[in-house]
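**Q** File upload39.cif follows (mmCIF, C-alpha atoms and all ligand atoms):
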```
data_target
loop_
_atom_site.label_atom_id
_atom_site.label_comp_id
_atom_site.auth_asym_id
_atom_site.auth_seq_id
_atom_site.Cartn_x
_atom_site.Cartn_y
_atom_site.Cartn_z
CA MET A 1 0.00 0.00 0.00
CA PRO A 2 1.48 3.40 -1.01
CA ALA A 3 2.42 5.82 1.81
CA LEU A 4 0.00 8.66 2.54
CA GLN A 5 0.96 11.77 0.58
CA LYS A 6 1.20 14.91 2.61
CA LEU A 7 -0.70 17.89 1.16
CA LEU A 8 -0.10 21.41 2.46
CA PHE A 9 -2.85 23.83 1.42
CA VAL A 10 -1.80 27.49 1.51
CA PHE A 11 -4.36 30.27 1.04
CA GLY A 12 -5.26 33.65 2.44
CA THR A 13 -8.32 35.33 0.94
CA ARG A 14 -12.08 34.75 0.80
CA PRO A 15 -12.16 33.56 -2.83
CA GLU A 16 -9.25 31.15 -2.31
CA ALA A 17 -10.94 29.71 0.77
CA ILE A 18 -14.21 29.23 -1.13
CA LYS A 19 -12.39 27.49 -3.98
CA LEU A 20 -10.04 25.36 -1.84
CA ALA A 21 -12.44 24.33 0.95
CA PRO A 22 -14.13 21.65 -1.21
CA VAL A 23 -10.67 20.25 -2.08
CA VAL A 24 -9.60 20.22 1.58
CA LEU A 25 -12.83 18.48 2.62
CA ALA A 26 -12.55 15.91 -0.16
CA ALA A 27 -8.86 15.29 0.65
CA ARG A 28 -9.72 14.70 4.31
CA ALA A 29 -12.43 12.22 3.28
CA HIS A 30 -10.27 10.55 0.60
CA GLY A 31 -8.06 8.38 2.78
CA GLY A 32 -4.98 8.71 0.55
CA PHE A 33 -3.66 11.93 2.02
CA GLU A 34 -2.43 13.57 5.16
CA VAL A 35 -3.84 17.10 5.03
CA VAL A 36 -2.35 20.24 6.57
CA VAL A 37 -3.85 23.73 6.09
CA CYS A 38 -1.91 26.96 6.48
CA VAL A 39 -3.72 30.28 6.08
CA THR A 40 -1.84 33.52 5.57
CA ALA A 41 -4.94 35.59 6.43
CA GLN A 42 -4.23 38.12 3.69
CA HIS A 43 -7.92 38.80 4.40
CA ARG A 44 -9.05 38.20 7.99
CA GLU A 45 -12.79 38.40 8.70
CA MET A 46 -13.87 37.47 5.18
CA LEU A 47 -11.57 34.43 5.30
CA ASP A 48 -12.68 33.31 8.76
CA SER A 49 -16.35 33.33 7.85
CA VAL A 50 -15.67 30.94 4.92
CA LEU A 51 -13.50 28.65 7.10
CA ALA A 52 -16.25 28.50 9.71
CA PHE A 53 -18.93 27.74 7.13
CA PHE A 54 -17.00 24.81 5.62
CA GLY A 55 -15.65 23.63 8.99
CA VAL A 56 -11.99 23.96 7.97
CA ASN A 57 -9.70 24.52 10.97
CA PRO A 58 -6.22 25.51 9.82
CA GLU A 59 -3.23 23.91 11.54
CA TYR A 60 -1.19 27.07 10.87
CA ASP A 61 -2.30 30.72 10.75
CA LEU A 62 0.25 33.39 9.75
CA ASN A 63 -2.28 36.14 10.57
CA LEU A 64 -0.65 38.60 8.14
CA MET A 65 -3.43 41.13 7.50
CA LYS A 66 -2.34 44.64 8.48
CA PRO A 67 -3.92 48.04 7.91
CA GLY A 68 -2.40 49.74 4.86
CA GLN A 69 -0.85 46.42 3.79
CA THR A 70 1.39 46.68 0.68
CA LEU A 71 1.99 43.97 -1.90
CA THR A 72 5.70 44.00 -1.00
CA GLY A 73 5.02 43.65 2.71
CA LEU A 74 2.57 40.85 2.08
CA THR A 75 4.94 38.98 -0.24
CA THR A 76 7.84 39.08 2.22
CA GLY A 77 5.49 38.22 5.11
CA VAL A 78 4.25 35.10 3.31
CA LEU A 79 7.81 34.02 2.39
CA GLU A 80 9.13 34.49 5.92
CA GLY A 81 6.05 33.03 7.58
CA LEU A 82 5.92 29.92 5.41
CA ALA A 83 9.59 28.93 5.62
CA PRO A 84 9.35 27.40 9.13
CA VAL A 85 5.97 25.82 8.33
CA LEU A 86 7.45 24.09 5.28
CA GLU A 87 10.43 23.01 7.34
CA GLN A 88 8.13 21.41 9.93
CA VAL A 89 5.50 19.90 7.64
CA ARG A 90 7.78 18.72 4.79
CA PRO A 91 4.86 18.26 2.38
CA ASP A 92 4.88 16.20 -0.81
CA TRP A 93 2.68 18.82 -2.44
CA VAL A 94 1.88 22.45 -1.71
CA LEU A 95 -1.51 23.38 -3.17
CA VAL A 96 -2.15 27.00 -4.07
CA GLN A 97 -5.15 28.42 -5.88
CA GLY A 98 -5.63 31.14 -8.48
CA ASP A 99 -3.84 34.42 -8.57
CA THR A 100 -3.44 36.09 -5.21
CA THR A 101 -0.19 37.34 -3.71
CA THR A 102 -0.52 34.48 -1.21
CA ALA A 103 -0.64 31.99 -4.11
CA PHE A 104 2.46 33.45 -5.76
CA ALA A 105 4.54 33.85 -2.57
CA GLY A 106 3.30 30.46 -1.32
CA ALA A 107 4.50 28.79 -4.53
CA LEU A 108 7.86 30.57 -4.30
CA ALA A 109 8.31 29.54 -0.65
CA ALA A 110 7.50 25.94 -1.62
CA PHE A 111 10.05 26.09 -4.43
CA TYR A 112 12.73 27.34 -2.02
CA ALA A 113 11.89 24.35 0.23
CA LYS A 114 12.00 22.03 -2.82
CA ALA A 115 8.36 20.97 -2.34
CA LYS A 116 6.25 20.28 -5.45
CA VAL A 117 3.54 22.84 -6.20
CA ALA A 118 0.09 21.98 -7.55
CA HIS A 119 -1.78 24.96 -9.01
CA VAL A 120 -5.56 24.89 -8.74
CA GLU A 121 -7.30 27.16 -11.30
CA ALA A 122 -4.22 27.30 -13.50
CA GLY A 123 -3.91 28.91 -16.93
CA LEU A 124 -6.29 31.88 -16.68
CA ARG A 125 -4.83 34.72 -18.75
CA THR A 126 -5.86 38.08 -20.15
CA GLY A 127 -2.51 38.67 -21.85
CA ASN A 128 -2.07 42.01 -20.04
CA ILE A 129 0.09 41.97 -16.91
CA TYR A 130 -1.64 45.08 -15.54
CA GLU A 131 -5.20 43.77 -15.95
CA PRO A 132 -6.00 42.37 -13.53
CA PHE A 133 -3.19 43.75 -11.36
CA PRO A 134 -1.38 42.05 -9.72
CA GLU A 135 -3.31 38.83 -10.42
CA GLU A 136 -2.22 38.24 -14.04
CA MET A 137 1.46 38.27 -13.06
CA ASN A 138 0.82 36.26 -9.89
CA ARG A 139 -0.76 33.42 -11.85
CA LYS A 140 1.96 33.45 -14.53
CA LEU A 141 4.60 33.22 -11.81
CA VAL A 142 2.80 30.34 -10.08
CA GLY A 143 2.58 28.66 -13.49
CA ALA A 144 6.35 28.93 -13.90
CA ILE A 145 6.91 27.15 -10.57
CA ALA A 146 4.16 24.51 -10.50
CA GLU A 147 4.81 20.84 -11.15
CA MET A 148 1.12 20.06 -11.73
CA HIS A 149 -1.41 22.45 -13.30
CA PHE A 150 -5.19 22.10 -12.88
CA PRO A 151 -6.88 24.48 -15.35
CA PRO A 152 -10.66 24.78 -15.00
CA THR A 153 -11.43 24.79 -18.74
CA ALA A 154 -9.98 23.83 -22.13
CA PRO A 155 -9.15 27.47 -23.06
CA ALA A 156 -7.13 27.78 -19.82
CA GLN A 157 -5.34 24.54 -20.71
CA ALA A 158 -4.56 25.95 -24.17
CA ASN A 159 -2.90 28.99 -22.53
CA LEU A 160 -0.61 26.68 -20.57
CA LEU A 161 0.29 24.61 -23.62
CA ARG A 162 1.12 27.85 -25.48
CA GLU A 163 3.50 28.73 -22.66
CA GLY A 164 5.37 25.48 -23.25
CA ILE A 165 4.05 23.42 -20.31
CA SER A 166 4.01 19.72 -21.11
CA GLU A 167 0.52 18.26 -21.49
CA THR A 168 1.47 15.43 -19.12
CA ARG A 169 1.58 18.00 -16.30
CA ILE A 170 -1.86 19.46 -17.06
CA LEU A 171 -5.32 18.15 -16.17
CA VAL A 172 -8.54 20.04 -16.98
CA THR A 173 -10.73 19.68 -13.91
CA GLY A 174 -13.49 22.32 -13.94
CA ASN A 175 -13.42 25.08 -11.36
CA THR A 176 -13.51 24.03 -7.72
CA GLY A 177 -15.56 27.20 -7.09
CA ILE A 178 -18.45 25.43 -8.82
CA ASP A 179 -17.98 22.44 -6.46
CA ALA A 180 -18.48 24.90 -3.58
CA LEU A 181 -21.43 26.61 -5.27
CA TYR A 182 -23.33 23.40 -5.98
CA LEU A 183 -22.63 22.13 -2.48
CA VAL A 184 -24.16 25.29 -1.03
CA ARG A 185 -27.11 25.26 -3.42
CA GLU A 186 -27.86 21.67 -2.49
CA ARG A 187 -27.72 22.49 1.23
CA LEU A 188 -30.02 25.48 0.70
CA GLN A 189 -32.54 23.35 -1.20
CA ALA A 190 -32.44 20.33 1.11
CA ASP A 191 -31.96 21.74 4.57
CA PRO A 192 -34.50 24.06 6.24
CA ALA A 193 -31.98 24.75 9.04
CA CYS A 194 -29.59 26.09 6.43
CA ARG A 195 -32.29 28.43 5.06
CA ALA A 196 -33.07 29.58 8.61
CA GLN A 197 -29.35 30.28 9.09
CA VAL A 198 -29.36 32.49 5.97
CA ALA A 199 -32.45 34.36 7.16
CA ALA A 200 -30.84 34.94 10.57
CA ALA A 201 -27.62 36.18 8.93
CA LEU A 202 -29.46 38.62 6.67
CA GLU A 203 -31.96 39.90 9.23
CA PRO A 204 -29.69 42.37 11.09
CA GLN A 205 -28.94 44.23 7.85
CA GLY A 206 -32.63 44.10 6.83
CA LEU A 207 -31.88 41.93 3.81
CA ASN A 208 -34.26 38.98 4.40
CA ARG A 209 -36.71 40.30 1.84
CA PHE A 210 -34.16 39.48 -0.89
CA ILE A 211 -34.34 35.74 -0.26
CA GLY A 212 -38.14 35.56 -0.35
CA PRO A 213 -40.37 36.59 -3.24
CA ALA A 214 -38.79 40.05 -3.46
CA ARG A 215 -39.37 42.74 -6.04
CA PRO A 216 -36.65 42.50 -8.71
CA PHE A 217 -33.15 43.42 -7.63
CA VAL A 218 -29.66 43.80 -9.04
CA LEU A 219 -26.82 42.36 -6.94
CA VAL A 220 -23.57 44.35 -7.19
CA THR A 221 -19.97 43.60 -6.17
CA ALA A 222 -16.83 45.61 -7.03
CA HIS A 223 -13.28 45.57 -5.73
CA ARG A 224 -10.68 45.30 -8.54
CA ARG A 225 -7.49 47.15 -7.78
CA GLU A 226 -6.97 48.40 -11.35
CA SER A 227 -10.34 50.24 -11.15
CA PHE A 228 -9.43 52.25 -8.04
CA GLY A 229 -9.86 55.98 -8.78
CA ALA A 230 -11.52 56.85 -12.10
CA GLY A 231 -12.93 53.34 -12.58
CA PHE A 232 -14.73 53.40 -9.24
CA GLU A 233 -16.10 56.87 -9.92
CA ALA A 234 -17.59 55.50 -13.17
CA ILE A 235 -18.96 52.39 -11.42
CA CYS A 236 -20.61 54.41 -8.64
CA THR A 237 -22.06 57.08 -10.92
CA ALA A 238 -23.47 54.34 -13.18
CA ILE A 239 -25.18 52.74 -10.18
CA ALA A 240 -26.55 56.15 -9.18
CA GLU A 241 -27.98 56.67 -12.68
CA LEU A 242 -29.58 53.19 -12.63
CA CYS A 243 -31.13 53.84 -9.19
CA THR A 244 -32.76 57.00 -10.55
CA ARG A 245 -33.91 55.38 -13.77
CA TYR A 246 -35.39 52.24 -12.11
CA PRO A 247 -37.10 53.29 -8.84
CA ALA A 248 -39.07 50.00 -8.71
CA ILE A 249 -35.91 47.90 -8.74
CA ASP A 250 -33.54 47.55 -5.81
CA PHE A 251 -29.76 47.62 -6.10
CA VAL A 252 -28.01 45.65 -3.36
CA PHE A 253 -24.30 46.40 -2.99
CA PRO A 254 -22.25 44.57 -0.32
CA VAL A 255 -19.30 46.97 -0.10
CA HIS A 256 -15.80 45.45 -0.02
CA PRO A 257 -13.78 46.65 3.01
CA ASN A 258 -10.89 48.05 0.95
CA PRO A 259 -10.67 51.81 1.78
CA ALA A 260 -10.44 52.72 -1.93
CA VAL A 261 -13.81 51.02 -2.52
CA ARG A 262 -15.45 52.44 0.62
CA GLY A 263 -14.16 55.96 -0.19
CA ALA A 264 -15.73 55.95 -3.67
CA VAL A 265 -19.06 54.64 -2.34
CA GLU A 266 -19.13 57.28 0.40
CA ARG A 267 -18.34 60.05 -2.06
CA PHE A 268 -20.51 59.13 -5.04
CA LEU A 269 -23.40 57.05 -3.66
CA VAL A 270 -24.09 57.74 0.02
CA PRO A 271 -24.93 61.48 -0.26
CA ALA A 272 -27.83 60.90 -2.71
CA GLY A 273 -29.63 58.64 -0.19
CA PHE A 274 -31.41 56.54 -2.86
CA ALA A 275 -34.38 54.67 -1.37
CA ASN A 276 -33.75 51.70 -3.70
CA LEU A 277 -30.00 51.40 -3.02
CA VAL A 278 -29.04 49.00 -0.24
CA LEU A 279 -25.41 49.39 0.82
CA CYS A 280 -24.34 46.68 3.24
CA GLN A 281 -21.33 44.89 4.70
CA PRO A 282 -19.80 42.06 2.65
CA LEU A 283 -22.06 39.04 3.03
CA ASP A 284 -21.01 35.63 4.21
CA TYR A 285 -20.75 33.14 1.36
CA LEU A 286 -23.95 31.22 2.13
CA PRO A 287 -26.24 34.29 2.26
CA PHE A 288 -24.44 35.74 -0.77
CA VAL A 289 -25.23 32.63 -2.82
CA ALA A 290 -28.84 32.70 -1.57
CA MET A 291 -29.12 36.32 -2.76
CA MET A 292 -27.52 35.48 -6.11
CA ILE A 293 -30.10 32.71 -6.64
CA ASN A 294 -32.86 35.30 -6.23
CA ALA A 295 -31.25 38.24 -8.11
CA SER A 296 -32.48 39.33 -11.53
CA VAL A 297 -29.14 40.63 -12.77
CA VAL A 298 -25.62 40.49 -11.31
CA LEU A 299 -23.28 43.46 -11.82
CA THR A 300 -19.69 42.68 -10.84
CA ASP A 301 -15.96 42.92 -11.43
CA SER A 302 -15.31 39.68 -9.53
CA GLY A 303 -13.83 36.60 -11.13
CA GLY A 304 -15.65 34.09 -8.95
CA VAL A 305 -19.03 35.80 -9.28
CA GLN A 306 -18.54 35.82 -13.06
CA GLU A 307 -18.33 32.03 -12.89
CA GLU A 308 -21.07 31.49 -10.34
CA ALA A 309 -23.84 33.70 -11.73
CA PRO A 310 -24.12 32.02 -15.16
CA SER A 311 -23.85 28.63 -13.43
CA LEU A 312 -27.05 29.68 -11.60
CA GLY A 313 -28.66 30.95 -14.80
CA LYS A 314 -28.19 34.64 -13.95
CA PRO A 315 -27.11 37.21 -16.52
CA VAL A 316 -23.95 39.07 -15.51
CA VAL A 317 -22.61 42.48 -16.45
CA VAL A 318 -18.83 42.53 -15.93
CA MET A 319 -17.26 45.89 -15.09
CA ARG A 320 -13.84 45.06 -16.50
CA ASP A 321 -12.18 45.84 -19.83
CA VAL A 322 -10.79 42.35 -20.26
CA THR A 323 -11.60 39.01 -18.75
CA GLU A 324 -9.78 35.70 -18.50
CA ARG A 325 -13.18 33.99 -18.66
CA MET A 326 -14.41 34.29 -22.24
CA GLU A 327 -16.47 31.07 -22.00
CA GLY A 328 -19.40 32.94 -20.43
CA ALA A 329 -19.13 35.92 -22.79
CA ALA A 330 -19.34 33.58 -25.77
CA SER A 331 -22.59 32.14 -24.37
CA GLY A 332 -24.34 35.53 -24.25
CA MET A 333 -24.88 35.25 -20.47
CA VAL A 334 -21.95 37.54 -19.66
CA HIS A 335 -21.69 41.14 -20.87
CA LEU A 336 -18.22 42.66 -20.70
CA VAL A 337 -18.53 46.46 -20.44
CA GLY A 338 -15.50 47.78 -18.54
CA PRO A 339 -15.61 50.25 -15.65
CA ASN A 340 -17.41 52.63 -18.02
CA ARG A 341 -20.46 54.58 -16.90
CA GLU A 342 -22.43 54.65 -20.18
CA ARG A 343 -21.73 51.01 -21.03
CA ILE A 344 -22.64 49.77 -17.53
CA VAL A 345 -25.93 51.69 -17.62
CA ALA A 346 -26.75 50.50 -21.15
CA ALA A 347 -26.01 46.84 -20.40
CA VAL A 348 -27.94 46.69 -17.11
CA ALA A 349 -30.85 48.67 -18.61
CA GLY A 350 -30.89 46.29 -21.61
CA LEU A 351 -31.30 43.31 -19.28
CA LEU A 352 -33.85 45.01 -17.01
CA ASP A 353 -35.92 46.20 -19.97
CA SER A 354 -36.06 42.73 -21.47
CA GLU A 355 -38.42 41.51 -18.70
CA LEU A 356 -35.53 40.39 -16.53
CA ARG A 357 -34.83 37.60 -18.96
CA ALA A 358 -32.49 35.00 -17.50
CA GLY A 359 -30.93 32.22 -19.49
CA SER A 360 -31.04 28.61 -18.51
CA GLY A 361 -27.43 28.90 -17.44
CA GLY A 362 -24.70 26.52 -18.26
CA ASN A 363 -21.80 24.82 -16.64
CA PHE A 364 -19.02 26.43 -18.71
CA TYR A 365 -16.85 26.58 -15.59
CA GLY A 366 -17.33 23.23 -13.91
CA ASP A 367 -19.68 20.35 -13.10
CA GLY A 368 -19.12 20.22 -9.33
CA HIS A 369 -16.54 17.39 -9.39
CA ALA A 370 -13.28 19.30 -9.88
CA SER A 371 -11.92 18.50 -6.39
CA LEU A 372 -12.08 14.74 -6.96
CA ARG A 373 -10.29 15.01 -10.29
CA ILE A 374 -7.49 16.98 -8.63
CA LEU A 375 -7.14 14.47 -5.80
CA ASP A 376 -7.24 11.44 -8.11
CA SER A 377 -4.46 13.00 -10.13
CA LEU A 378 -2.30 13.66 -7.05
CA ALA A 379 -3.06 10.19 -5.66
CA GLY A 380 -1.75 8.78 -8.95
CA PHE A 381 1.65 10.34 -8.22
CA GLY A 382 1.73 8.49 -4.88
CA GLU A 383 1.01 5.18 -6.57
CA ARG A 384 3.76 5.74 -9.14
CA ALA A 385 6.32 6.73 -6.47
C1 LIG B 1 -8.78 38.25 -11.55
C2 LIG B 1 -9.73 37.30 -10.90
O1 LIG B 1 -10.79 37.12 -11.40
N1 LIG B 1 -9.35 36.72 -9.77
C3 LIG B 1 -10.17 35.83 -8.98
C4 LIG B 1 -9.92 36.35 -7.60
O2 LIG B 1 -11.03 36.58 -6.88
P1 LIG B 1 -12.48 37.22 -7.13
O3 LIG B 1 -12.45 38.35 -8.06
O4 LIG B 1 -13.38 36.10 -7.46
O5 LIG B 1 -12.74 37.76 -5.60
P2 LIG B 1 -14.02 38.18 -4.82
O6 LIG B 1 -14.98 38.85 -5.71
O7 LIG B 1 -13.53 38.88 -3.60
O8 LIG B 1 -14.64 36.83 -4.28
C5 LIG B 1 -15.59 36.12 -5.00
C6 LIG B 1 -16.21 35.08 -4.08
O9 LIG B 1 -16.72 35.72 -2.92
C7 LIG B 1 -18.13 35.43 -2.77
N2 LIG B 1 -18.74 36.63 -2.17
C8 LIG B 1 -18.82 37.82 -2.84
C9 LIG B 1 -19.38 38.94 -2.23
C10 LIG B 1 -19.88 38.83 -0.90
O10 LIG B 1 -20.39 39.81 -0.30
N3 LIG B 1 -19.78 37.64 -0.26
C11 LIG B 1 -19.21 36.52 -0.86
O11 LIG B 1 -19.14 35.46 -0.24
C12 LIG B 1 -18.60 35.09 -4.17
O12 LIG B 1 -19.69 34.20 -4.11
C13 LIG B 1 -17.37 34.42 -4.78
O13 LIG B 1 -17.30 33.05 -4.50
O14 LIG B 1 -9.09 35.53 -6.78
C14 LIG B 1 -9.36 34.18 -6.78
C15 LIG B 1 -8.46 33.56 -5.77
O15 LIG B 1 -7.24 33.12 -6.23
C16 LIG B 1 -9.22 33.59 -8.16
O16 LIG B 1 -9.94 32.38 -8.17
C17 LIG B 1 -9.83 34.41 -9.19
O17 LIG B 1 -9.51 34.04 -10.48
#
```
What would the structure in this file look like if it were written as structure tokens?
Ligand SMILES: CC(=O)N[C@@H]1[C@@H](OP(=O)(O)OP(=O)(O)OC[C@H]2O[C@@H](n3ccc(=O)[nH]c3=O)[C@H](O)[C@@H]2O)O[C@H](CO)[C@@H](O)[C@@H]1O
**A**
Amino acid sequence: MPALQKLLFVFGTRPEAIKLAPVVLAARAHGGFEVVVCVTAQHREMLDSVLAFFGVNPEYDLNLMKPGQTLTGLTTGVLEGLAPVLEQVRPDWVLVQGDTTTAFAGALAAFYAKAKVAHVEAGLRTGNIYEPFPEEMNRKLVGAIAEMHFPPTAPAQANLLREGISETRILVTGNTGIDALYLVRERLQADPACRAQVAAALEPQGLNRFIGPARPFVLVTAHRRESFGAGFEAICTAIAELCTRYPAIDFVFPVHPNPAVRGAVERFLVPAGFANLVLCQPLDYLPFVAMMINASVVLTDSGGVQEEAPSLGKPVVVMRDVTERMEGAASGMVHLVGPNRERIVAAVAGLLDSELRAGSGGNFYGDGHASLRILDSLAGFGERA
């Protein structure tokens, strides 16, 4: 019988936790692995709420989040913090996900410790190292280090092949974010206690009405670093114009804690006091998914939300100039408009005016079984060793 392989998961933000939690849970249930989790806590509260929801208790916590955190400070913090963890754990594989600074610095720290890196959600590219910034460079750098690459889709695999990575080191798996999404949707459908938990979580912010038969609403998220400044002014003024034009439709905007995002919202949206604009704290993952299921249109610059909304049959307007996820755009479910006031207003209005038409959705990004494919592939290495 082959020895258990030791997997060290390293992650630090809300989206990484959402996309790695299903892999951690499946690895713990698998039997072929010893599993160790180290969080950098590049985000703190938003990370903890996801860990609690999935019941993932990290063995190591670098607790790196600081006010006014810089990318340089974070990178060096992850490198220095991980070195002793790697020394102690001595993993066979270090798993990192996506494109955060934690993923890049985690992969580099693993390389310095001569541990193999497996990259979950590999191969996403826009071709522009400043969009998204710093994510495009982070994921290219992880790609240069990784021994095994798990792209979610065939176009992401093609990007890796173009960069000269051998096809024997690539496996298309689907996105693990869709594993998490379907898991949550199933729990919401099957478990009344889970629905009660969502209602209780939304009640203090007065948001329960959005999970019942609500009047139509648009769910908004925005946080991309390259839109800070002029981009956020355009995003906020577009939302203001939509609030005025559609008084019978609500706009629900959980505001990301980054001060650049909060500042723009306070300057361009708060003073008008729109009755149909609901500004709230970021939502926990479970209530956020419940709201997405009920939304008419989703307006976002998020990568994960761009994958989730069409998987739930919701049309999405993407406030970015470029995207590494053209699969949804090609289907007509995703409208790429940039952080541009006129184009945001036109796209959202187009969807609202067409009787809130939603498509049937599609699983362009995953079928809910990505985690098992990843683990079967890593288990195969153990058997060959
Ligand atoms: C450039 C790019 O596309 N990069 C992505 C980036 O992340 P992102 O843009 O997807 O980040 P966010 O938008 O912060 O998170 C999204 C998640 O958060 C949930 N959500 C949202 C609002 C809320 O109030 N409550 C919530 O729970 C939501 O359902 C979703 O699952 O990093 C990831 C990590 O490496 C990569 O995978 C990834 O490519």
**Q** Listing only residues of chain A within 6 Å of ligand LIG 1 (chain B), what is the closest atom pair and its distance in Å (to one decimal) for each, using all atoms listed in the file, sorted by chain and residue number ascending, as a Markdown table?
**A**
```
| residue | atom | partner | partner_atom | distance |
| --- | --- | --- | --- | --- |
| A:Pro15 | CA | B:LIG1 | O8 | 4.4 |
| A:Glu16 | CA | B:LIG1 | C15 | 4.3 |
| A:Ile18 | CA | B:LIG1 | O13 | 6.0 |
| A:Gln97 | CA | B:LIG1 | O15 | 5.2 |
| A:Gly98 | CA | B:LIG1 | O15 | 3.4 |
| A:Asp99 | CA | B:LIG1 | O15 | 4.3 |
| A:Thr100 | CA | B:LIG1 | O15 | 4.9 |
| A:Pro132 | CA | B:LIG1 | C1 | 5.4 |
| A:Glu135 | CA | B:LIG1 | C1 | 5.6 |
| A:Pro254 | CA | B:LIG1 | O10 | 5.1 |
| A:Pro282 | CA | B:LIG1 | O10 | 3.8 |
| A:Leu283 | CA | B:LIG1 | O10 | 3.8 |
| A:Asp284 | CA | B:LIG1 | O11 | 4.8 |
| A:Tyr285 | CA | B:LIG1 | O11 | 3.2 |
| A:Phe288 | CA | B:LIG1 | N3 | 5.1 |
| A:Val289 | CA | B:LIG1 | O12 | 5.9 |
| A:Ser302 | CA | B:LIG1 | O3 | 3.5 |
| A:Gly303 | CA | B:LIG1 | O1 | 3.1 |
| A:Gly304 | CA | B:LIG1 | O4 | 3.4 |
| A:Val305 | CA | B:LIG1 | C13 | 5.0 |
```
**Q** Given only C-alpha atoms as the basis, pick out the residue of A:Ser371, A:Asn57, A:Ser296, A:Thr126 nearest to Asn159 (chain A).
**A**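 So, comparing all the options, the nearest one is A:Thr126.
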**Q** May I have a table of the residues of region 19-43 of chain A lying at most 10 Å from region 165-187 of chain A, giving each one's closest pair of atoms and their distance in Å to one decimal, counting all atoms listed in the file, ordered by chain and ascending residue number, as CSV?
**A**
```
residue,atom,partner,partner_atom,distance
A:Lys19,CA,A:Gly177,CA,4.5
A:Leu20,CA,A:Thr176,CA,7.0
A:Ala21,CA,A:Ala180,CA,7.6
A:Pro22,CA,A:Ala180,CA,5.9
A:Val23,CA,A:Thr176,CA,7.4
```
**Q** Work out how far CA of Val10 (chain A) is from CA of Leu62 (chain A), in Å to one decimal.
**A**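 That distance, rounded to one decimal, is 10.3 Å.
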**Q** Quick one: of A:Ala103, A:Pro216, A:Cys38, A:Ala109, who's nearest to Glu136 (chain A), counting only C-alpha atoms?
**A**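 Smallest distance to Glu136 (chain A) is found for A:Ala103.
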**Q** Set the distance at 12 Å and use all atoms listed in the file: which residues neighbour Val35 (chain A) once local chain neighbours fewer than 2 positions away are removed? I'd like the list as a count of residues only.
**A** 34
**Q** What is the distance between CA of Leu372 (chain A) and CA of Asp48 (chain A), in Å to one decimal?
**A**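 CA of Leu372 (chain A) sits 24.3 Å away from CA of Asp48 (chain A).
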